[in-house]
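Quick look at upload-v4.txt (compact mmCIF, C-alpha atoms):
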```txt
# COMPACT_ATOMS: atom_id res chain seq x y z
CA MET F 1 142.01 -46.08 35.85
CA SER F 2 141.65 -48.30 32.78
CA SER F 3 144.49 -50.72 32.30
CA LEU F 4 145.95 -52.36 29.23
CA THR F 5 146.09 -56.14 29.33
CA PHE F 6 149.31 -57.97 28.56
CA HIS F 7 149.72 -61.66 27.79
CA TRP F 8 152.96 -63.57 27.33
CA PHE F 9 153.64 -66.72 25.29
CA LEU F 10 154.49 -70.32 26.19
CA PRO F 11 156.93 -71.71 23.57
CA THR F 12 155.53 -75.23 23.38
CA SER F 13 157.70 -76.11 20.38
CA GLY F 14 160.87 -75.25 22.29
CA ASP F 15 162.80 -72.11 23.13
CA SER F 16 166.23 -70.71 22.33
CA ARG F 17 168.38 -67.59 22.37
CA ASP F 18 167.75 -67.63 18.63
CA VAL F 19 164.45 -67.56 16.74
CA VAL F 20 162.54 -70.84 16.76
CA GLY F 21 160.67 -71.20 13.49
CA GLY F 22 157.53 -73.18 12.78
CA GLY F 23 153.85 -72.69 12.05
CA HIS F 24 151.91 -72.12 8.80
CA GLY F 25 154.24 -74.45 6.93
CA ALA F 26 157.54 -72.93 8.12
CA PRO F 27 160.15 -75.48 9.24
CA ASP F 28 160.31 -76.15 12.98
CA THR F 29 163.87 -75.12 13.72
CA ALA F 30 166.06 -72.91 15.88
CA THR F 31 167.81 -70.58 13.44
CA GLY F 32 171.14 -69.94 15.16
CA PRO F 33 173.79 -71.75 17.20
CA GLY F 34 172.00 -71.25 20.53
CA ARG F 35 171.09 -74.41 22.42
CA ARG F 36 167.45 -75.46 22.04
CA ARG F 37 165.47 -75.52 25.29
CA PRO F 38 162.90 -78.33 25.24
CA PRO F 39 159.31 -77.38 26.20
CA THR F 40 159.19 -79.33 29.43
CA VAL F 41 156.55 -78.61 32.04
CA ALA F 42 159.35 -77.48 34.36
CA TYR F 43 160.71 -74.91 31.89
CA LEU F 44 157.30 -73.69 30.75
CA GLY F 45 156.39 -73.40 34.43
CA GLN F 46 159.38 -71.09 34.92
CA ILE F 47 158.13 -68.84 32.15
CA ALA F 48 154.56 -68.91 33.44
CA ARG F 49 155.61 -68.00 37.00
CA ALA F 50 157.79 -65.16 35.71
CA ALA F 51 154.93 -63.81 33.59
CA GLU F 52 152.54 -64.02 36.52
CA ASN F 53 154.90 -62.20 38.90
CA LEU F 54 155.68 -59.48 36.37
CA GLY F 55 152.01 -58.64 35.80
CA PHE F 56 151.00 -60.44 32.63
CA VAL F 57 147.36 -61.52 32.77
CA GLY F 58 147.64 -64.61 30.59
CA ALA F 59 149.88 -66.70 28.36
CA LEU F 60 149.12 -67.85 24.82
CA THR F 61 149.86 -71.40 23.76
CA PRO F 62 149.90 -72.24 20.03
CA THR F 63 148.27 -75.15 18.24
CA GLY F 64 149.53 -77.31 15.40
CA ALA F 65 151.57 -80.36 14.52
CA TRP F 66 154.79 -78.41 15.20
CA CYS F 67 154.17 -77.90 18.95
CA GLU F 68 152.90 -79.70 22.04
CA ASP F 69 149.15 -79.99 22.55
CA ALA F 70 147.86 -76.78 24.13
CA TRP F 71 145.08 -78.28 26.28
CA LEU F 72 147.27 -80.89 27.97
CA THR F 73 150.27 -78.62 28.39
CA THR F 74 148.39 -75.72 29.96
CA ALA F 75 146.46 -78.05 32.26
CA MET F 76 149.79 -79.19 33.69
CA VAL F 77 151.49 -75.79 33.73
CA SER F 78 148.46 -74.22 35.42
CA GLN F 79 149.39 -76.09 38.59
CA ALA F 80 152.62 -74.09 38.81
CA THR F 81 150.78 -70.75 38.92
CA GLU F 82 147.99 -69.12 40.92
CA ARG F 83 146.60 -66.18 38.90
CA LEU F 84 147.90 -66.51 35.35
CA LYS F 85 145.28 -67.32 32.72
CA PHE F 86 145.92 -69.53 29.71
CA LEU F 87 144.95 -68.41 26.23
CA VAL F 88 144.62 -71.89 24.77
CA ALA F 89 144.72 -72.08 20.98
CA PHE F 90 142.10 -74.56 19.83
CA ARG F 91 140.89 -75.78 16.43
CA PRO F 92 137.18 -76.44 15.99
CA GLY F 93 136.33 -79.58 14.09
CA PHE F 94 138.87 -81.88 15.69
CA VAL F 95 136.48 -82.73 18.54
CA SER F 96 132.75 -82.33 18.95
CA PRO F 97 131.49 -78.94 20.19
CA THR F 98 129.81 -80.60 23.16
CA LEU F 99 133.05 -82.23 24.26
CA ALA F 100 134.96 -78.99 23.74
CA ALA F 101 132.42 -77.10 25.87
CA GLN F 102 132.76 -79.77 28.57
CA MET F 103 136.58 -79.62 28.44
CA ALA F 104 136.49 -75.85 28.84
CA SER F 105 134.06 -76.13 31.73
CA THR F 106 136.31 -78.65 33.48
CA PHE F 107 139.36 -76.45 32.88
CA GLN F 108 137.58 -73.51 34.50
CA ARG F 109 136.65 -75.46 37.62
CA GLN F 110 140.06 -77.07 38.06
CA THR F 111 142.01 -73.83 37.59
CA GLY F 112 139.72 -71.36 39.31
CA GLY F 113 138.46 -69.77 36.09
CA ARG F 114 141.76 -69.28 34.25
CA LEU F 115 140.86 -70.36 30.72
CA LEU F 116 140.71 -68.06 27.69
CA LEU F 117 139.95 -69.74 24.37
CA ASN F 118 141.85 -68.74 21.23
CA VAL F 119 139.81 -70.24 18.37
CA VAL F 120 142.01 -71.05 15.36
CA THR F 121 140.05 -72.18 12.32
CA GLY F 122 143.17 -73.45 10.51
CA GLY F 123 144.65 -71.88 7.40
CA GLU F 124 146.65 -74.82 6.06
CA SER F 125 144.66 -77.56 4.32
CA ARG F 126 147.68 -79.88 4.24
CA GLU F 127 147.96 -79.85 8.01
CA GLN F 128 144.20 -80.08 8.48
CA ARG F 129 144.07 -83.20 6.30
CA ALA F 130 146.73 -84.82 8.47
CA TYR F 131 144.20 -84.55 11.32
CA GLY F 132 141.40 -85.98 9.18
CA ASP F 133 139.81 -82.66 8.23
CA PHE F 134 139.15 -82.37 4.49
CA LEU F 135 137.02 -79.20 4.34
CA ASP F 136 138.25 -76.23 2.35
CA LYS F 137 139.05 -72.93 4.05
CA ASP F 138 135.67 -71.20 3.66
CA ALA F 139 133.85 -74.35 4.79
CA ARG F 140 136.08 -74.51 7.85
CA TYR F 141 135.01 -71.00 8.80
CA ARG F 142 131.34 -71.90 8.37
CA ARG F 143 131.90 -74.92 10.61
CA THR F 144 133.63 -72.68 13.16
CA GLY F 145 130.52 -70.49 13.26
CA GLU F 146 128.32 -73.52 13.93
CA PHE F 147 130.79 -74.78 16.52
CA LEU F 148 130.86 -71.52 18.46
CA HIS F 149 127.07 -71.26 18.34
CA VAL F 150 126.77 -74.67 20.02
CA VAL F 151 129.53 -74.05 22.56
CA ARG F 152 128.21 -70.66 23.64
CA GLU F 153 124.66 -71.97 24.07
CA LEU F 154 125.96 -74.86 26.17
CA TRP F 155 128.01 -72.53 28.34
CA GLN F 156 124.85 -70.54 29.07
CA GLY F 157 123.13 -73.67 30.31
CA GLY F 158 120.95 -74.25 27.28
CA THR F 159 119.93 -77.45 25.58
CA VAL F 160 121.11 -77.37 21.98
CA ASN F 161 119.71 -79.05 18.90
CA LEU F 162 121.47 -78.23 15.66
CA ARG F 163 121.33 -79.78 12.23
CA GLY F 164 123.88 -77.59 10.48
CA GLU F 165 125.85 -77.76 7.27
CA HIS F 166 128.78 -79.39 9.06
CA LEU F 167 127.74 -80.15 12.65
CA ARG F 168 124.81 -81.97 14.17
CA VAL F 169 123.92 -82.35 17.85
CA GLU F 170 120.74 -83.50 19.57
CA ASP F 171 119.71 -82.58 23.11
CA ALA F 172 123.24 -81.43 23.95
CA ARG F 173 123.57 -80.07 27.47
CA LEU F 174 126.25 -79.60 30.12
CA THR F 175 125.61 -80.89 33.62
CA ARG F 176 127.90 -78.13 34.96
CA VAL F 177 128.42 -74.85 33.14
CA PRO F 178 131.72 -72.94 33.38
CA ASP F 179 131.98 -70.07 35.84
CA PRO F 180 133.11 -67.69 34.54
CA VAL F 181 132.33 -68.39 30.90
CA PRO F 182 135.65 -68.35 28.99
CA GLU F 183 136.19 -65.40 26.69
CA VAL F 184 136.66 -66.25 23.02
CA TYR F 185 139.64 -64.77 21.17
CA PHE F 186 139.60 -65.00 17.41
CA GLY F 187 141.79 -63.91 14.50
CA GLY F 188 141.61 -63.98 10.73
CA SER F 189 141.75 -61.47 7.88
CA SER F 190 139.57 -63.06 5.20
CA PRO F 191 135.92 -62.04 4.71
CA ALA F 192 134.81 -65.40 6.11
CA ALA F 193 136.91 -64.83 9.24
CA VAL F 194 135.53 -61.32 9.75
CA GLU F 195 131.99 -62.69 9.61
CA VAL F 196 132.68 -65.32 12.28
CA ALA F 197 134.50 -62.84 14.51
CA ALA F 198 131.68 -60.31 14.28
CA ARG F 199 129.11 -62.90 15.39
CA HIS F 200 130.99 -64.90 18.01
CA ALA F 201 134.26 -63.37 19.28
CA ASP F 202 134.82 -61.37 22.45
CA VAL F 203 138.33 -60.23 21.45
CA TYR F 204 139.57 -59.94 17.88
CA LEU F 205 143.32 -60.57 17.53
CA THR F 206 145.46 -59.23 14.71
CA TRP F 207 149.10 -59.90 13.98
CA GLY F 208 151.46 -56.95 14.32
CA GLU F 209 150.93 -54.99 11.15
CA PRO F 210 151.84 -51.27 10.93
CA PRO F 211 149.38 -48.98 12.73
CA ALA F 212 147.65 -47.76 9.54
CA GLN F 213 146.84 -51.33 8.50
CA VAL F 214 145.71 -52.23 12.00
CA ALA F 215 143.42 -49.18 12.06
CA GLY F 216 141.78 -50.29 8.82
CA LYS F 217 141.23 -53.79 10.16
CA ILE F 218 139.70 -52.48 13.40
CA ALA F 219 137.30 -50.27 11.44
CA ARG F 220 136.24 -53.22 9.30
CA LEU F 221 135.63 -55.45 12.33
CA ARG F 222 133.74 -52.74 14.24
CA GLU F 223 131.43 -52.22 11.30
CA ALA F 224 130.83 -55.96 10.90
CA ALA F 225 130.14 -56.41 14.61
CA ALA F 226 127.76 -53.45 14.65
CA ARG F 227 125.70 -55.13 11.94
CA GLU F 228 125.33 -58.06 14.34
CA GLY F 229 124.39 -55.76 17.22
CA ARG F 230 127.66 -56.53 19.00
CA THR F 231 130.88 -54.83 20.04
CA LEU F 232 134.39 -56.32 20.11
CA ARG F 233 137.57 -55.70 22.04
CA PHE F 234 140.84 -55.76 20.10
CA GLY F 235 144.24 -57.29 20.72
CA ILE F 236 147.52 -57.56 18.83
CA ARG F 237 150.15 -60.30 18.64
CA LEU F 238 153.77 -59.11 18.58
CA HIS F 239 157.28 -60.14 19.51
CA VAL F 240 159.33 -57.68 21.53
CA ILE F 241 163.02 -56.79 21.90
CA THR F 242 163.39 -54.05 24.49
CA ARG F 243 166.59 -52.92 26.19
CA ASP F 244 167.98 -50.07 28.27
CA THR F 245 169.03 -48.32 25.06
CA ALA F 246 167.75 -48.46 21.50
CA ALA F 247 171.26 -49.36 20.31
CA ASP F 248 171.30 -52.45 22.52
CA ALA F 249 167.85 -53.52 21.29
CA TRP F 250 168.75 -53.17 17.62
CA ALA F 251 172.04 -54.97 18.22
CA GLU F 252 170.01 -57.92 19.53
CA ALA F 253 167.70 -57.80 16.50
CA HIS F 254 170.70 -57.82 14.17
CA ARG F 255 172.21 -60.72 16.11
CA LEU F 256 169.05 -62.73 15.54
CA LEU F 257 169.04 -61.77 11.85
CA ASP F 258 172.68 -62.82 11.46
CA GLY F 259 171.68 -66.27 12.71
CA PHE F 260 169.22 -66.81 9.84
CA ASP F 261 170.82 -69.25 7.43
CA PRO F 262 169.93 -68.23 3.83
CA ASP F 263 168.75 -71.75 3.02
CA THR F 264 166.47 -71.73 6.06
CA VAL F 265 164.99 -68.39 4.99
CA ARG F 266 164.39 -69.62 1.44
CA GLU F 267 162.75 -72.83 2.67
CA ALA F 268 160.57 -70.96 5.17
CA GLN F 269 159.48 -68.38 2.61
CA ALA F 270 158.67 -71.03 0.00
CA ASN F 271 156.52 -72.94 2.47
CA LEU F 272 154.81 -69.83 3.82
CA ALA F 273 154.01 -68.64 0.29
CA ARG F 274 151.80 -71.73 -0.07
CA SER F 275 149.76 -70.81 2.99
CA GLU F 276 146.04 -70.26 2.48
CA SER F 277 145.95 -67.76 5.35
CA GLU F 278 145.16 -64.17 4.36
CA GLY F 279 146.86 -63.00 7.55
CA GLN F 280 150.01 -64.91 6.60
CA ARG F 281 149.93 -63.34 3.15
CA ARG F 282 149.79 -59.91 4.78
CA MET F 283 152.74 -60.82 7.01
CA LEU F 284 154.84 -61.90 4.01
CA ALA F 285 154.03 -58.67 2.17
CA LEU F 286 155.66 -56.66 4.95
CA HIS F 287 159.17 -57.86 4.02
CA GLY F 288 158.85 -59.67 0.67
CA GLY F 289 161.42 -62.24 1.76
CA SER F 290 164.19 -59.63 1.77
CA ARG F 291 166.56 -58.76 4.62
CA ASP F 292 166.53 -55.12 3.54
CA ALA F 293 164.29 -52.38 4.99
CA LEU F 294 162.90 -54.57 7.76
CA GLU F 295 161.93 -51.61 9.99
CA ILE F 296 158.50 -51.12 8.40
CA HIS F 297 157.31 -48.49 10.92
CA PRO F 298 159.29 -46.80 13.68
CA ASN F 299 160.40 -49.58 16.07
CA LEU F 300 158.39 -52.23 14.18
CA TRP F 301 160.73 -54.89 12.74
CA ALA F 302 159.60 -57.58 10.29
CA GLY F 303 162.68 -59.78 10.58
CA ILE F 304 161.06 -62.55 12.62
CA GLY F 305 158.72 -63.33 9.73
CA LEU F 306 161.64 -64.38 7.51
CA VAL F 307 161.77 -67.73 9.31
CA ARG F 308 158.65 -67.97 11.46
CA GLY F 309 155.06 -68.47 10.40
CA GLY F 310 152.25 -66.52 12.01
CA ALA F 311 153.27 -63.46 14.01
CA GLY F 312 156.35 -62.14 12.26
CA THR F 313 156.96 -58.63 13.60
CA ALA F 314 158.64 -57.31 16.74
CA LEU F 315 158.67 -54.06 18.65
CA VAL F 316 162.35 -53.13 18.89
CA GLY F 317 163.83 -50.25 20.86
CA GLY F 318 164.60 -48.72 24.19
CA HIS F 319 161.98 -49.12 26.89
CA ASP F 320 160.53 -45.65 26.34
CA GLU F 321 160.27 -46.21 22.58
CA VAL F 322 158.51 -49.55 23.00
CA ALA F 323 156.11 -47.97 25.49
CA GLU F 324 155.40 -45.20 22.96
CA ARG F 325 154.58 -47.72 20.22
CA ILE F 326 152.23 -49.57 22.57
CA ALA F 327 150.49 -46.28 23.34
CA GLU F 328 150.22 -45.66 19.59
CA TYR F 329 148.45 -48.99 19.03
CA HIS F 330 146.27 -48.37 22.07
CA ALA F 331 145.12 -45.06 20.58
CA LEU F 332 143.78 -47.05 17.61
CA GLY F 333 141.65 -49.24 19.88
CA ILE F 334 144.04 -52.04 20.89
CA ASP F 335 143.56 -52.93 24.57
CA GLU F 336 145.27 -56.34 24.75
CA PHE F 337 148.83 -57.21 23.76
CA VAL F 338 150.01 -60.80 23.29
CA LEU F 339 153.80 -60.64 23.37
CA SER F 340 156.78 -62.96 23.12
CA GLY F 341 160.56 -62.86 22.72
CA TYR F 342 163.58 -65.13 22.46
CA PRO F 343 164.29 -66.61 24.88
CA HIS F 344 160.90 -66.27 26.52
CA LEU F 345 162.08 -66.40 30.11
CA GLU F 346 164.64 -63.61 29.84
CA GLU F 347 162.59 -61.43 27.50
CA ALA F 348 159.64 -61.52 29.88
CA TYR F 349 161.85 -59.81 32.45
CA TRP F 350 163.20 -57.25 29.99
CA PHE F 351 159.66 -56.18 29.13
CA GLY F 352 158.16 -56.59 32.59
CA GLU F 353 160.89 -54.64 34.37
CA GLY F 354 161.61 -52.14 31.59
CA VAL F 355 158.37 -51.26 29.79
CA LEU F 356 155.53 -52.00 32.19
CA PRO F 357 156.67 -49.43 34.81
CA ARG F 358 156.77 -46.78 32.10
CA LEU F 359 153.24 -47.64 31.00
CA ALA F 360 152.14 -47.51 34.63
CA ALA F 361 153.65 -44.03 34.92
CA ARG F 362 151.53 -42.98 31.92
CA GLY F 363 148.39 -44.34 33.60
CA LEU F 364 148.01 -47.06 30.95
CA TRP F 365 148.76 -50.15 33.02
CA ARG F 366 148.31 -51.51 36.51
CA HIS F 367 149.65 -54.76 37.93
CA PRO F 368 146.73 -57.24 38.20
CA GLU F 369 147.54 -57.95 41.83
CA HIS F 370 147.05 -54.26 42.62
CA ALA F 371 144.05 -53.55 40.38
CA GLY F 372 141.99 -52.31 43.32
CA ALA F 373 144.73 -50.25 44.90
CA GLY F 374 145.24 -46.53 44.65
CA ALA F 375 148.24 -45.27 42.72
CA GLU F 376 150.12 -44.61 45.98
CA GLU F 377 149.68 -48.24 47.02
CA MET F 378 150.90 -49.84 43.83
CA VAL F 379 154.07 -51.92 43.91
CA LEU F 380 155.66 -52.09 40.47
CA PRO F 381 158.71 -53.85 39.05
CA ALA F 382 161.76 -51.63 39.22
CA ALA F 383 162.76 -49.95 35.99
CA VAL F 384 166.09 -51.03 34.53
```
Render the structure in this file as structure tokens.
Amino acid sequence: MSSLTFHWFLPTSGDSRDVVGGGHGAPDTATGPGRRRPPTVAYLGQIARAAENLGFVGALTPTGAWCEDAWLTTAMVSQATERLKFLVAFRPGFVSPTLAAQMASTFQRQTGGRLLLNVVTGGESREQRAYGDFLDKDARYRRTGEFLHVVRELWQGGTVNLRGEHLRVEDARLTRVPDPVPEVYFGGSSPAAVEVAARHADVYLTWGEPPAQVAGKIARLREAAAREGRTLRFGIRLHVITRDTAADAWAEAHRLLDGFDPDTVREAQANLARSESEGQRRMLALHGGSRDALEIHPNLWAGIGLVRGGAGTALVGGHDEVAERIAEYHALGIDEFVLSGYPHLEEAYWFGEGVLPRLAARGLWRHPEHAGAGAEEMVLPAAV
């Protein structure tokens, strides 16, 4: 039986019972009166252990000036878990490709092969310049292509010599290659991003647009990858609010929305409108900065994007409805789901105990610890 793959999220900028903003120029703030939970290793470890026990395969950590460093944080949190993988967001260009390949190789050995690499080219020139990177957006993507070429060759045990447009290495080689080689996850909606993904990515990630838009993006990426003689897997990044009843789930969504101060929304939208990211532009277009008509597809709510950069949509509904929407995205070609919810500890349980058993009953999901077991041997979280 094929199984969908689910990843959770480590909130390395802090967590709350309200939405925590930040990313792509949005202010880093908790939007409501709920107490902010600092992103300590102890708290993030709680979330990671919960995700692991519930059946999530990995956990995404973001990158940027608004959050803790993903490499260091996941290296520490990994010691609190046994199976969970870490989808580490990483920006090429801040370190040399040889050092990055070596870091990834070390991470694999010290964690038993639990690194997944989420390559983020960087859509905000202002933030990039703060780190000493003064390339424009298209040049950053060209550098990312050179970077991934070097890293992948090193991971295969090759000696690399490259005199590229942006990167140069001579006789680069790793003394110990990673085993297994980390899979590369990559997102981006611009033509330059599609070109890099087609040549170098293993999994293409999209933010949670309505199914028709996602279908168009998948078709575009499949065609681009085919021209390179490659195939891609596809994943989607969404928030989730799932409850025993649809009324309870929407009540929680409205509670979050009521906590959005109008000034915070205006500031976030003004900052996000300056983003160079095509994906962020597509997210903003889903709601236009308005609180009205935020359900843009059945059970797909764009309210998060009023205050948060990046992923701005959530699946909202009863457990059966959320499972149905996941099956709808899967029918388009989505096999991996990177999910989150506020607060991340409690929402992991709502999804893991409410939705995953329903997907298992449909034959769409199997707990990673029981991947080799027959259906009669599987032990699943109890439905709530």
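The space separating atom CA of Thr40 of chain F from atom CA of Ala75 of chain F comes to 13.1 Å.
The shortest atom-to-atom distance to Glu324 of chain F, with all atoms listed in the file taken into account, belongs to F:Leu359 out of F:Ala226, F:Leu359, F:Ala302, F:Leu339.
With atom CA of Val177 of chain F on one side and atom CA of Pro62 of chain F on the other, the separation reads 25.3 Å.
Across the structure, atom CA of Leu135 of chain F and atom CA of Val196 of chain F are spaced 16.6 Å apart.
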Segment 120-157 of chain F residues near segment 64-71 of chain F within 12 Å, closest pair each, using all atoms listed in the file, as JSON lines:
```
{"residue": "F:Val120", "atom": "CA", "partner": "F:Gly64", "partner_atom": "CA", "distance": 9.8}
{"residue": "F:Thr121", "atom": "CA", "partner": "F:Gly64", "partner_atom": "CA", "distance": 11.2}
{"residue": "F:Gly122", "atom": "CA", "partner": "F:Gly64", "partner_atom": "CA", "distance": 8.9}
{"residue": "F:Gly123", "atom": "CA", "partner": "F:Gly64", "partner_atom": "CA", "distance": 10.8}
{"residue": "F:Glu124", "atom": "CA", "partner": "F:Gly64", "partner_atom": "CA", "distance": 10.1}
{"residue": "F:Arg126", "atom": "CA", "partner": "F:Ala65", "partner_atom": "CA", "distance": 11.0}
{"residue": "F:Glu127", "atom": "CA", "partner": "F:Ala65", "partner_atom": "CA", "distance": 7.5}
{"residue": "F:Gln128", "atom": "CA", "partner": "F:Gly64", "partner_atom": "CA", "distance": 9.2}
{"residue": "F:Arg129", "atom": "CA", "partner": "F:Ala65", "partner_atom": "CA", "distance": 11.5}
{"residue": "F:Ala130", "atom": "CA", "partner": "F:Ala65", "partner_atom": "CA", "distance": 8.9}
{"residue": "F:Tyr131", "atom": "CA", "partner": "F:Ala65", "partner_atom": "CA", "distance": 9.1}
```
request  = Could you give me, as a PyMOL selection string, the residues within 7 Å of Gly318 of chain F, counting all atoms listed in the file and dropping anything in the same chain fewer than 2 positions from it?
outcome  = chain F and resi 242-246+249+320-322
Residue subset to file, keeping C-alpha atoms, as a JSON list (two decimals), in the frame of the given file:
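What ended up in out-v3.json:
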```json
[["chain", "number", "residue", "atom", "x", "y", "z"],
["F", 242, "THR", "CA", 163.39, -54.05, 24.49],
["F", 243, "ARG", "CA", 166.59, -52.92, 26.19],
["F", 244, "ASP", "CA", 167.98, -50.07, 28.27],
["F", 245, "THR", "CA", 169.03, -48.32, 25.06],
["F", 246, "ALA", "CA", 167.75, -48.46, 21.50],
["F", 249, "ALA", "CA", 167.85, -53.52, 21.29],
["F", 320, "ASP", "CA", 160.53, -45.65, 26.34],
["F", 321, "GLU", "CA", 160.27, -46.21, 22.58],
["F", 322, "VAL", "CA", 158.51, -49.55, 23.00]]
```
task = Find the residues around Ser190 of chain F up to 7 Å (only C-alpha atoms counted), leave out those fewer than 3 positions away in its own chain, and share them as a list in words.
result = Ala193, Val194 and Glu278 of chain F
Could N, CA and C atoms be built for segment 125-147 of chain F and written out as a PDB file, keeping the file's coordinate frame?
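Saved as result.pdb:
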```
ATOM      1  N   SER F 125     145.419 -76.342   4.611  1.00  0.00           N
ATOM      2  CA  SER F 125     144.660 -77.560   4.320  1.00  0.00           C
ATOM      3  C   SER F 125     145.522 -78.806   4.459  1.00  0.00           C
ATOM      4  N   ARG F 126     146.807 -78.706   4.109  1.00  0.00           N
ATOM      5  CA  ARG F 126     147.680 -79.880   4.240  1.00  0.00           C
ATOM      6  C   ARG F 126     147.727 -80.370   5.681  1.00  0.00           C
ATOM      7  N   GLU F 127     147.897 -79.455   6.609  1.00  0.00           N
ATOM      8  CA  GLU F 127     147.960 -79.850   8.010  1.00  0.00           C
ATOM      9  C   GLU F 127     146.599 -80.328   8.497  1.00  0.00           C
ATOM     10  N   GLN F 128     145.535 -79.658   8.073  1.00  0.00           N
ATOM     11  CA  GLN F 128     144.200 -80.080   8.480  1.00  0.00           C
ATOM     12  C   GLN F 128     143.912 -81.518   8.027  1.00  0.00           C
ATOM     13  N   ARG F 129     144.314 -81.851   6.802  1.00  0.00           N
ATOM     14  CA  ARG F 129     144.070 -83.200   6.300  1.00  0.00           C
ATOM     15  C   ARG F 129     144.813 -84.248   7.099  1.00  0.00           C
ATOM     16  N   ALA F 130     145.990 -83.874   7.634  1.00  0.00           N
ATOM     17  CA  ALA F 130     146.730 -84.820   8.470  1.00  0.00           C
ATOM     18  C   ALA F 130     145.943 -85.191   9.728  1.00  0.00           C
ATOM     19  N   TYR F 131     145.057 -84.298  10.154  1.00  0.00           N
ATOM     20  CA  TYR F 131     144.200 -84.550  11.320  1.00  0.00           C
ATOM     21  C   TYR F 131     142.837 -85.119  10.919  1.00  0.00           C
ATOM     22  N   GLY F 132     142.665 -85.405   9.637  1.00  0.00           N
ATOM     23  CA  GLY F 132     141.400 -85.980   9.180  1.00  0.00           C
ATOM     24  C   GLY F 132     140.358 -84.973   8.779  1.00  0.00           C
ATOM     25  N   ASP F 133     140.747 -83.717   8.589  1.00  0.00           N
ATOM     26  CA  ASP F 133     139.810 -82.660   8.230  1.00  0.00           C
ATOM     27  C   ASP F 133     140.012 -82.302   6.759  1.00  0.00           C
ATOM     28  N   PHE F 134     139.003 -82.557   5.922  1.00  0.00           N
ATOM     29  CA  PHE F 134     139.150 -82.370   4.490  1.00  0.00           C
ATOM     30  C   PHE F 134     138.270 -81.238   3.944  1.00  0.00           C
ATOM     31  N   LEU F 135     137.782 -80.353   4.808  1.00  0.00           N
ATOM     32  CA  LEU F 135     137.020 -79.200   4.340  1.00  0.00           C
ATOM     33  C   LEU F 135     137.956 -78.152   3.761  1.00  0.00           C
ATOM     34  N   ASP F 136     137.445 -77.343   2.833  1.00  0.00           N
ATOM     35  CA  ASP F 136     138.250 -76.230   2.350  1.00  0.00           C
ATOM     36  C   ASP F 136     138.156 -75.074   3.348  1.00  0.00           C
ATOM     37  N   LYS F 137     138.904 -74.014   3.071  1.00  0.00           N
ATOM     38  CA  LYS F 137     139.050 -72.930   4.050  1.00  0.00           C
ATOM     39  C   LYS F 137     137.717 -72.265   4.388  1.00  0.00           C
ATOM     40  N   ASP F 138     136.935 -71.883   3.380  1.00  0.00           N
ATOM     41  CA  ASP F 138     135.670 -71.200   3.660  1.00  0.00           C
ATOM     42  C   ASP F 138     134.706 -72.112   4.416  1.00  0.00           C
ATOM     43  N   ALA F 139     134.713 -73.400   4.074  1.00  0.00           N
ATOM     44  CA  ALA F 139     133.850 -74.350   4.790  1.00  0.00           C
ATOM     45  C   ALA F 139     134.293 -74.492   6.238  1.00  0.00           C
ATOM     46  N   ARG F 140     135.593 -74.436   6.460  1.00  0.00           N
ATOM     47  CA  ARG F 140     136.080 -74.510   7.850  1.00  0.00           C
ATOM     48  C   ARG F 140     135.568 -73.333   8.669  1.00  0.00           C
ATOM     49  N   TYR F 141     135.533 -72.156   8.066  1.00  0.00           N
ATOM     50  CA  TYR F 141     135.010 -71.000   8.800  1.00  0.00           C
ATOM     51  C   TYR F 141     133.511 -71.147   9.074  1.00  0.00           C
ATOM     52  N   ARG F 142     132.772 -71.690   8.117  1.00  0.00           N
ATOM     53  CA  ARG F 142     131.340 -71.900   8.370  1.00  0.00           C
ATOM     54  C   ARG F 142     131.143 -72.921   9.497  1.00  0.00           C
ATOM     55  N   ARG F 143     131.980 -73.952   9.516  1.00  0.00           N
ATOM     56  CA  ARG F 143     131.900 -74.920  10.610  1.00  0.00           C
ATOM     57  C   ARG F 143     132.273 -74.268  11.937  1.00  0.00           C
ATOM     58  N   THR F 144     133.257 -73.380  11.932  1.00  0.00           N
ATOM     59  CA  THR F 144     133.630 -72.680  13.160  1.00  0.00           C
ATOM     60  C   THR F 144     132.451 -71.885  13.704  1.00  0.00           C
ATOM     61  N   GLY F 145     131.690 -71.228  12.811  1.00  0.00           N
ATOM     62  CA  GLY F 145     130.520 -70.490  13.260  1.00  0.00           C
ATOM     63  C   GLY F 145     129.502 -71.404  13.917  1.00  0.00           C
ATOM     64  N   GLU F 146     129.244 -72.560  13.330  1.00  0.00           N
ATOM     65  CA  GLU F 146     128.320 -73.520  13.930  1.00  0.00           C
ATOM     66  C   GLU F 146     128.865 -74.008  15.276  1.00  0.00           C
ATOM     67  N   PHE F 147     130.134 -74.294  15.306  1.00  0.00           N
ATOM     68  CA  PHE F 147     130.790 -74.780  16.520  1.00  0.00           C
ATOM     69  C   PHE F 147     130.625 -73.788  17.667  1.00  0.00           C
TER      70      PHE F 147
END
```
